[in-house]
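Visitor: One file: entry_39.tsv (TSV, C-alpha atoms).
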chain	number	residue	atom	x	y	z
D	1	MET	CA	3.77	17.20	-8.69
D	2	ILE	CA	4.41	16.53	-12.37
D	3	THR	CA	2.99	18.94	-14.92
D	4	ASN	CA	0.58	18.03	-17.72
D	5	LEU	CA	-1.13	15.23	-15.83
D	6	PRO	CA	-2.89	12.75	-18.13
D	7	GLU	CA	-6.69	12.87	-18.09
D	8	GLY	CA	-7.16	9.55	-16.30
D	9	LEU	CA	-4.90	10.61	-13.45
D	10	ARG	CA	-6.49	14.07	-13.23
D	11	GLU	CA	-9.92	12.49	-12.84
D	12	SER	CA	-8.84	9.63	-10.57
D	13	GLY	CA	-9.47	11.44	-7.27
D	14	ALA	CA	-5.78	11.46	-6.36
D	15	ILE	CA	-5.54	15.25	-6.59
D	16	GLU	CA	-8.32	15.68	-4.03
D	17	VAL	CA	-6.50	13.41	-1.57
D	18	ARG	CA	-3.22	15.21	-2.19
D	19	GLU	CA	-4.88	18.54	-1.44
D	20	ARG	CA	-6.37	17.14	1.78
D	21	LEU	CA	-3.01	15.80	2.91
D	22	GLY	CA	-1.60	19.25	2.19
D	23	THR	CA	-3.71	20.68	5.04
D	24	ILE	CA	-2.21	18.33	7.66
D	25	SER	CA	0.60	19.31	10.02
D	26	GLY	CA	2.02	15.86	10.69
D	27	GLY	CA	4.39	16.53	13.60
D	28	GLU	CA	6.10	13.32	14.72
D	29	ILE	CA	4.84	10.57	12.41
D	30	LEU	CA	4.80	6.77	12.72
D	31	ASP	CA	4.53	4.70	9.52
D	32	VAL	CA	3.51	1.10	10.27
D	33	GLY	CA	4.55	-1.70	7.89
D	34	THR	CA	6.76	0.84	6.16
D	35	GLN	CA	8.51	-1.64	3.81
D	36	ASP	CA	10.96	0.54	1.86
D	37	GLY	CA	9.37	3.76	3.10
D	38	GLU	CA	7.44	4.57	-0.06
D	39	PHE	CA	4.49	6.18	1.77
D	40	ILE	CA	6.87	8.26	3.87
D	41	GLY	CA	8.22	9.64	0.61
D	42	THR	CA	4.70	10.51	-0.51
D	43	LEU	CA	3.88	12.23	2.78
D	44	ILE	CA	7.11	14.25	2.66
D	45	LYS	CA	5.92	15.63	-0.68
D	46	THR	CA	2.30	16.23	0.33
D	47	LEU	CA	1.92	17.18	4.01
D	48	LYS	CA	1.68	20.84	5.00
D	49	GLU	CA	4.56	20.26	7.41
D	50	TYR	CA	6.13	17.57	9.58
D	51	THR	CA	8.83	17.17	12.21
D	52	SER	CA	10.12	13.62	11.81
D	53	PHE	CA	9.20	10.08	10.79
D	54	VAL	CA	9.63	6.65	12.34
D	55	GLY	CA	9.02	3.68	10.06
D	56	ILE	CA	8.58	0.20	11.54
D	57	ASP	CA	8.59	-3.16	9.80
D	58	ILE	CA	9.44	-6.78	10.63
D	59	SER	CA	11.55	-7.27	7.48
D	60	PRO	CA	15.27	-6.48	7.92
D	61	ASP	CA	15.74	-6.54	4.13
D	62	ASP	CA	13.05	-3.92	3.54
D	63	LEU	CA	14.42	-1.75	6.34
D	64	LYS	CA	17.91	-1.90	4.85
D	65	LYS	CA	16.52	-0.54	1.56
D	66	ALA	CA	14.55	2.13	3.42
D	67	ARG	CA	17.58	3.36	5.39
D	68	GLU	CA	19.61	3.75	2.23
D	69	LYS	CA	16.74	5.55	0.49
D	70	PHE	CA	16.24	8.08	3.32
D	71	LYS	CA	19.80	8.39	4.63
D	72	ASP	CA	19.69	12.20	4.29
D	73	SER	CA	16.15	12.70	5.69
D	74	PRO	CA	14.74	13.00	9.25
D	75	VAL	CA	13.53	9.40	9.18
D	76	ASP	CA	14.35	6.58	11.59
D	77	PHE	CA	13.63	2.95	10.74
D	78	VAL	CA	13.11	0.31	13.43
D	79	GLU	CA	12.55	-3.43	13.21
D	80	MET	CA	9.39	-4.01	15.25
D	81	ASN	CA	6.24	-6.15	15.39
D	82	ALA	CA	3.27	-3.82	14.88
D	83	GLU	CA	1.11	-5.99	17.13
D	84	ARG	CA	3.35	-5.21	20.12
D	85	MET	CA	4.86	-1.77	19.70
D	86	SER	CA	7.36	-0.61	22.28
D	87	PHE	CA	6.27	3.04	22.07
D	88	PRO	CA	4.42	4.61	25.03
D	89	ASP	CA	0.78	5.66	24.91
D	90	ASN	CA	-0.10	8.97	23.21
D	91	HIS	CA	3.37	9.33	21.67
D	92	PHE	CA	2.92	10.31	18.00
D	93	ASP	CA	1.12	13.24	16.36
D	94	THR	CA	0.29	11.14	13.30
D	95	VAL	CA	0.15	7.40	12.61
D	96	CYS	CA	-0.26	5.84	9.18
D	97	ILE	CA	-0.28	2.52	7.38
D	98	SER	CA	-0.03	2.03	3.62
D	99	TYR	CA	-0.69	-1.06	1.51
D	100	SER	CA	-0.01	-3.27	4.54
D	101	ILE	CA	-3.45	-4.16	5.92
D	102	HIS	CA	-3.69	-7.12	3.54
D	103	HIS	CA	-0.45	-8.45	5.06
D	104	LEU	CA	-1.76	-8.44	8.63
D	105	GLU	CA	-2.84	-11.61	10.43
D	106	ASN	CA	-4.55	-9.54	13.14
D	107	ILE	CA	-5.80	-6.27	11.67
D	108	ASP	CA	-7.75	-5.30	14.82
D	109	THR	CA	-4.66	-5.65	17.00
D	110	VAL	CA	-2.43	-3.52	14.78
D	111	LEU	CA	-4.98	-0.73	14.31
D	112	ALA	CA	-5.63	-0.72	18.08
D	113	GLU	CA	-1.88	-0.38	18.72
D	114	MET	CA	-1.70	2.51	16.27
D	115	TYR	CA	-4.58	4.18	18.13
D	116	ARG	CA	-2.86	3.58	21.47
D	117	VAL	CA	0.38	5.32	20.49
D	118	LEU	CA	-1.45	8.25	18.83
D	119	LYS	CA	-1.90	11.47	20.79
D	120	PRO	CA	-5.47	12.69	21.43
D	121	GLY	CA	-6.44	14.82	18.45
D	122	GLY	CA	-3.76	13.19	16.32
D	123	ASN	CA	-4.06	12.13	12.68
D	124	PHE	CA	-4.79	8.53	11.69
D	125	ILE	CA	-4.10	7.85	7.98
D	126	ILE	CA	-4.70	4.68	5.96
D	127	GLN	CA	-3.85	4.03	2.31
D	128	GLU	CA	-5.04	0.59	1.17
D	129	LEU	CA	-6.08	-1.14	-2.04
D	130	TYR	CA	-9.53	-2.71	-2.23
D	131	SER	CA	-10.95	-5.59	-4.24
D	132	ASP	CA	-14.45	-4.55	-5.32
D	133	GLY	CA	-16.16	-1.55	-6.88
D	134	LYS	CA	-16.02	-0.38	-10.47
D	135	GLN	CA	-12.57	-1.33	-11.71
D	136	THR	CA	-11.26	-1.81	-15.24
D	137	GLU	CA	-10.36	-5.21	-16.71
D	138	ALA	CA	-6.72	-4.28	-16.29
D	139	GLN	CA	-7.29	-3.53	-12.60
D	140	GLN	CA	-9.22	-6.77	-12.14
D	141	LEU	CA	-6.31	-8.68	-13.66
D	142	SER	CA	-4.00	-6.91	-11.22
D	143	LYS	CA	-6.17	-8.37	-8.44
D	144	GLU	CA	-5.64	-11.86	-9.87
D	145	ILE	CA	-1.88	-11.27	-10.00
D	146	HIS	CA	-2.00	-10.19	-6.38
D	147	ASN	CA	-4.01	-13.25	-5.39
D	148	LEU	CA	-1.46	-15.52	-7.09
D	149	ASN	CA	1.24	-13.82	-5.05
D	150	VAL	CA	-0.89	-14.40	-1.94
D	151	LYS	CA	-1.00	-18.13	-2.69
D	152	ILE	CA	2.76	-18.28	-3.22
D	153	ASP	CA	3.50	-16.39	-0.01
D	154	THR	CA	1.08	-18.64	1.88
D	155	VAL	CA	2.92	-21.72	0.61
D	156	LEU	CA	6.11	-20.18	1.99
D	157	GLY	CA	4.50	-19.34	5.34
D	158	ILE	CA	4.51	-15.58	4.74
D	159	PRO	CA	1.42	-13.69	5.99
D	160	HIS	CA	-0.38	-12.32	2.94
D	161	PHE	CA	-4.10	-12.15	2.23
D	162	GLU	CA	-6.53	-11.12	-0.48
D	163	ALA	CA	-7.45	-7.45	-0.48
D	164	LEU	CA	-10.51	-6.47	1.53
D	165	THR	CA	-13.64	-4.99	0.01
D	166	ARG	CA	-14.51	-1.34	0.60
D	167	GLN	CA	-17.10	-2.29	3.21
D	168	GLU	CA	-14.69	-4.62	4.99
D	169	LEU	CA	-12.16	-1.80	5.17
D	170	ARG	CA	-14.81	0.57	6.54
D	171	ASN	CA	-15.77	-2.05	9.13
D	172	GLU	CA	-12.17	-2.30	10.31
D	173	VAL	CA	-11.91	1.49	10.56
D	174	ASN	CA	-15.17	1.69	12.52
D	175	LYS	CA	-13.70	-0.58	15.21
D	176	VAL	CA	-10.83	1.82	15.91
D	177	GLY	CA	-12.93	4.47	17.66
D	178	LEU	CA	-11.81	7.56	15.75
D	179	SER	CA	-13.77	10.73	16.45
D	180	ILE	CA	-13.69	12.06	12.88
D	181	VAL	CA	-13.33	9.95	9.73
D	182	GLU	CA	-13.06	11.05	6.10
D	183	ILE	CA	-12.96	8.39	3.37
D	184	TYR	CA	-11.79	8.87	-0.20
D	185	GLU	CA	-11.79	6.31	-3.02
D	186	THR	CA	-9.45	6.83	-5.96
D	187	SER	CA	-8.59	4.86	-9.08
D	188	ARG	CA	-4.93	5.94	-8.83
D	189	GLY	CA	-2.66	6.45	-5.85
D	190	VAL	CA	-1.35	9.85	-4.74
D	191	LYS	CA	2.20	8.67	-5.48
D	192	CYS	CA	1.29	8.65	-9.19
D	193	LEU	CA	1.03	12.45	-9.13
D	194	PHE	CA	4.81	12.60	-8.65
D	195	CYS	CA	5.84	9.78	-10.99
D	196	GLU	CA	7.42	10.74	-14.31
D	197	ASP	CA	6.11	7.46	-15.77
D	198	ALA	CA	2.49	8.38	-14.96
D	199	PRO	CA	1.58	9.36	-18.56
D	200	ASP	CA	2.79	5.97	-19.80
D	201	CYS	CA	0.72	4.17	-17.15
D	202	GLU	CA	-2.44	5.45	-18.84
D	203	ASP	CA	-1.94	2.58	-21.28
D	204	PRO	CA	-2.12	-0.74	-19.36
D	205	LEU	CA	-0.93	-2.52	-22.50
D	206	ARG	CA	2.34	-0.67	-22.93
D	207	ASN	CA	5.16	-3.13	-23.54
D	208	GLU	CA	7.11	-2.20	-20.41
D	209	ASN	CA	4.05	-2.83	-18.24
D	210	VAL	CA	3.20	-6.20	-19.79
D	211	ASP	CA	6.82	-7.35	-19.66
D	212	SER	CA	7.11	-6.26	-16.03
D	213	VAL	CA	4.01	-8.25	-15.03
D	214	ILE	CA	5.23	-11.38	-16.80
D	215	LYS	CA	8.62	-11.08	-15.10
D	216	GLU	CA	6.92	-10.53	-11.72
D	217	ILE	CA	4.91	-13.74	-12.12
D	218	ASP	CA	7.96	-15.73	-13.23
D	219	ASP	CA	10.02	-14.41	-10.31
D	220	ASP	CA	7.26	-15.27	-7.84
D	221	LEU	CA	6.90	-18.80	-9.20
D	222	ALA	CA	10.66	-19.32	-9.02
D	223	ARG	CA	10.41	-18.94	-5.25
D	224	ILE	CA	8.44	-22.21	-5.00
D	225	ILE	CA	9.96	-24.16	-7.89
D	226	HIS	CA	10.71	-27.15	-5.63
D	227	HIS	CA	7.41	-27.06	-3.75
D	228	PRO	CA	4.62	-29.61	-4.49
D	229	SER	CA	2.26	-26.72	-5.34
D	230	TYR	CA	4.54	-25.40	-8.08
D	231	ASN	CA	2.94	-27.07	-11.11
D	232	GLU	CA	-0.59	-26.08	-10.12
D	233	LEU	CA	0.32	-22.47	-9.45
D	234	LYS	CA	2.48	-22.35	-12.58
D	235	LYS	CA	-0.60	-23.23	-14.67
D	236	GLU	CA	-2.51	-20.39	-12.98
D	237	GLY	CA	0.37	-18.04	-13.66
D	238	GLU	CA	0.55	-19.00	-17.34
D	239	VAL	CA	-3.14	-18.22	-17.78
D	240	ILE	CA	-2.64	-14.77	-16.22
D	241	LYS	CA	0.41	-14.12	-18.40
D	242	GLU	CA	-1.62	-14.78	-21.55
D	243	ARG	CA	-4.46	-12.56	-20.34
D	244	VAL	CA	-2.17	-9.65	-19.51
D	245	LYS	CA	-1.13	-9.58	-23.17
D	246	VAL	CA	-4.79	-8.92	-24.03
D	247	THR	CA	-6.04	-6.62	-21.23
D	248	GLY	CA	-2.87	-5.23	-19.73
D	249	SER	CA	-2.57	-4.56	-16.01
D	250	SER	CA	-3.19	-1.50	-13.82
D	251	GLU	CA	-2.92	-1.06	-10.07
D	252	ALA	CA	-6.12	-1.60	-8.09
D	253	SER	CA	-8.16	1.33	-6.80
D	254	VAL	CA	-7.25	2.80	-3.43
D	255	MET	CA	-9.13	3.81	-0.29
D	256	TYR	CA	-7.76	6.65	1.85
D	257	VAL	CA	-8.94	7.08	5.42
D	258	ILE	CA	-8.08	10.28	7.27
D	259	GLY	CA	-9.26	10.28	10.87
D	260	ARG	CA	-8.63	11.90	14.25
D	261	LYS	CA	-8.28	10.39	17.70
Can the structure in the file be given as structure tokens, please?

Guide:
Amino acid sequence: MITNLPEGLRESGAIEVRERLGTISGGEILDVGTQDGEFIGTLIKTLKEYTSFVGIDISPDDLKKAREKFKDSPVDFVEMNAERMSFPDNHFDTVCISYSIHHLENIDTVLAEMYRVLKPGGNFIIQELYSDGKQTEAQQLSKEIHNLNVKIDTVLGIPHFEALTRQELRNEVNKVGLSIVEIYETSRGVKCLFCEDAPDCEDPLRNENVDSVIKEIDDDLARIIHHPSYNELKKEGEVIKERVKVTGSSEASVMYVIGRK
């Protein structure tokens, strides 16, 4: 964890979650929708102990990045549909999913599969952004950027949906059937505690942040430049680009769920 944490990060709630993760012996861990394995990296730094990780995703490109990133770690990456996992029942000591629920067409199915492959007494961990609650203007603008990306992905036939509210997330968790559930809400993610750029992120209007958001929007729009929806979505993107120069942009708040089977 970086030293001299800025005040906003110290008070965000992320430290409390990090300390809770530090009490968990993870054993054999499954990370669902792993993308490039970012959450695996966070858990490696925070868990009390672990044996190994398996990360699954349906994107070969993301898995290629993940394998390169963790080539010297006890992590295996497998291309797999999370709705139909090939693992046997009661196989993993811990299952987790991070920032992927808003990409799922069938949330119930995926969470039920995670429950199925989790051993009795095992750890069930969720890290997911949410769309409501008390969030800054910069965070609210981040939500609009995300929703523009959702529209672009939808045009391209890629599953992507608006973030759920806190209550909607709780409702999904309640369906799983976990015996113990702890819920934490933080304004910053645990990963920020280990990021050397964290002090700079206190200012949502820093030039690097604003420039990065503008580039992100331009890159996203370039993906649909020949699609009939391009002009309409480009107008929406231009409005957001002007607003980010005024309010800046910060990542949305995060809900952490730590449960047991």

Visitor: Could you tell me how far CA of Thr136 (chain D) lies from CA of Gly33 (chain D), in Å and to one decimal?

Guide: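 We find that CA of Thr136 (chain D) and CA of Gly33 (chain D) lie 28.0 Å from each other.
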
Visitor: Using only C-alpha atoms, which residues sit within 6 Å of region 12-18 of chain D once same-chain residues fewer than 2 positions away are excluded, as an MDAnalysis selection string?

Guide: chainID D and resid 8:10 20:21 186:190

Visitor: What is the distance, in Å and to one decimal place, between CA of Pro74 (chain D) and CA of Ile29 (chain D)?

Guide: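 Going from CA of Pro74 (chain D) over to CA of Ile29 (chain D) covers 10.7 Å.
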
Visitor: For a quick check of understanding, using only C-alpha atoms, which of D:Lys45, D:Lys134, D:Lys143, D:Lys215 has the smallest distance to Leu193 (chain D)?

Guide: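 Of the candidates, the smallest distance to Leu193 (chain D) is held by D:Lys45.
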
Visitor: Taking 2 positions as the minimum chain separation for residues in the same chain, which residues sit within 9 Å of Ser250 (chain D) when counting all atoms listed in the file? Answer as a short mmCIF file (atom, residue, chain, number, x, y, z; two decimals) with C-alpha atoms, in the frame of the given file.

Guide:
data_model
loop_
_atom_site.label_atom_id
_atom_site.label_comp_id
_atom_site.auth_asym_id
_atom_site.auth_seq_id
_atom_site.Cartn_x
_atom_site.Cartn_y
_atom_site.Cartn_z
CA THR D 136 -11.26 -1.81 -15.24
CA GLU D 137 -10.36 -5.21 -16.71
CA ALA D 138 -6.72 -4.28 -16.29
CA GLN D 139 -7.29 -3.53 -12.60
CA GLN D 140 -9.22 -6.77 -12.14
CA LEU D 141 -6.31 -8.68 -13.66
CA SER D 142 -4.00 -6.91 -11.22
CA CYS D 201 0.72 4.17 -17.15
CA GLU D 202 -2.44 5.45 -18.84
CA ASP D 203 -1.94 2.58 -21.28
CA PRO D 204 -2.12 -0.74 -19.36
CA ASN D 209 4.05 -2.83 -18.24
CA GLY D 248 -2.87 -5.23 -19.73
CA ALA D 252 -6.12 -1.60 -8.09
#

Visitor: For a test of reading the model, state the distance in Å between CA of Gly157 (chain D) and CA of Ile126 (chain D), rounded to one decimal.

Guide: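 Taking CA of Gly157 (chain D) as the start and CA of Ile126 (chain D) as the end point, the length is 25.7 Å.
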
Visitor: Using all atoms listed in the file, can you tell me which of D:Val117, D:Ile101, D:Leu5, D:Leu221 comes closest to Asn149 (chain D)?

Guide: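 Closest to Asn149 (chain D), using all atoms listed in the file: D:Leu221.
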
Visitor: With a distance cut-off of 6 Å and only C-alpha atoms, select the neighbouring residues of region 232-242 of chain D, excluding the residue or stretch itself and same-chain residues fewer than 3 positions from it, and output the selection as a VMD selection string.

Guide: chain D and resid 214 229 245

Visitor: Between D:Gly22, D:Pro228, D:Gly122, D:Pro199, single out the one closest to Lys261 (chain D), counting all atoms listed in the file.

Guide: D:Gly122

Visitor: Check the smallest atom-to-atom distance from each of D:Gln167, D:Glu196, D:Glu128, D:Ile217 to Ser253 (chain D) using all atoms listed in the file, then report the winner.

Guide: D:Glu128

Visitor: From (-9.0, 2.7, 16.7), in the file's coordinates, out to 9 Å: which residues are reached, counting all atoms listed in the file? Answer as a ChimeraX atom specification.

Guide: /D:108,111-116,124,172-178,261

Visitor: Return the single residue from D:Lys191, D:Pro159, D:Arg166, D:Phe87 that is closest to Met1 (chain D), with distances computed using only C-alpha atoms.

Guide: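 Going through D:Lys191, D:Pro159, D:Arg166, D:Phe87 one by one, the smallest distance to Met1 (chain D) is for D:Lys191.
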
Visitor: Give me, as a short mmCIF file (atom, residue, chain, number, x, y, z; two decimals) with C-alpha atoms, in the frame of the given file, all polymer residues having an atom no more than 10 Å from Asp62 (chain D), counting only C-alpha atoms and skipping those fewer than 6 positions away in the same chain.

Guide:
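Output below, filename selection-v9.cif:
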data_model
loop_
_atom_site.label_atom_id
_atom_site.label_comp_id
_atom_site.auth_asym_id
_atom_site.auth_seq_id
_atom_site.Cartn_x
_atom_site.Cartn_y
_atom_site.Cartn_z
CA GLY D 33 4.55 -1.70 7.89
CA THR D 34 6.76 0.84 6.16
CA GLN D 35 8.51 -1.64 3.81
CA ASP D 36 10.96 0.54 1.86
CA GLY D 37 9.37 3.76 3.10
CA PHE D 77 13.63 2.95 10.74
CA GLU D 79 12.55 -3.43 13.21
#

Visitor: Taking into account all atoms listed in the file, which residue in the set D:Glu105, D:Asp197, D:Glu19, D:Asp31 is nearest to Leu47 (chain D)?

Guide: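 For Leu47 (chain D), the nearest of the candidates is D:Glu19.
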
Visitor: List every protein, DNA or RNA residue with an atom no more than 12 Å from (-11.7, -10.3, 0.8) in the file's coordinates, counting only C-alpha atoms, and format the result as a list in words.

Guide: Ile101, His102, Leu129, Tyr130, Ser131, Asp132, Lys143, Asn147, Val150, His160, Phe161, Glu162, Ala163, Leu164, Thr165, Arg166, Gln167, Glu168 and Leu169 of chain D

Visitor: Quick one: everything within 9 Å of Gln127 (chain D), counting all atoms listed in the file, minus sequence neighbours fewer than 2 positions away in the same chain. Send it as a PyMOL selection string.

Guide: chain D and resi 39+96-101+125+129+189+254-257
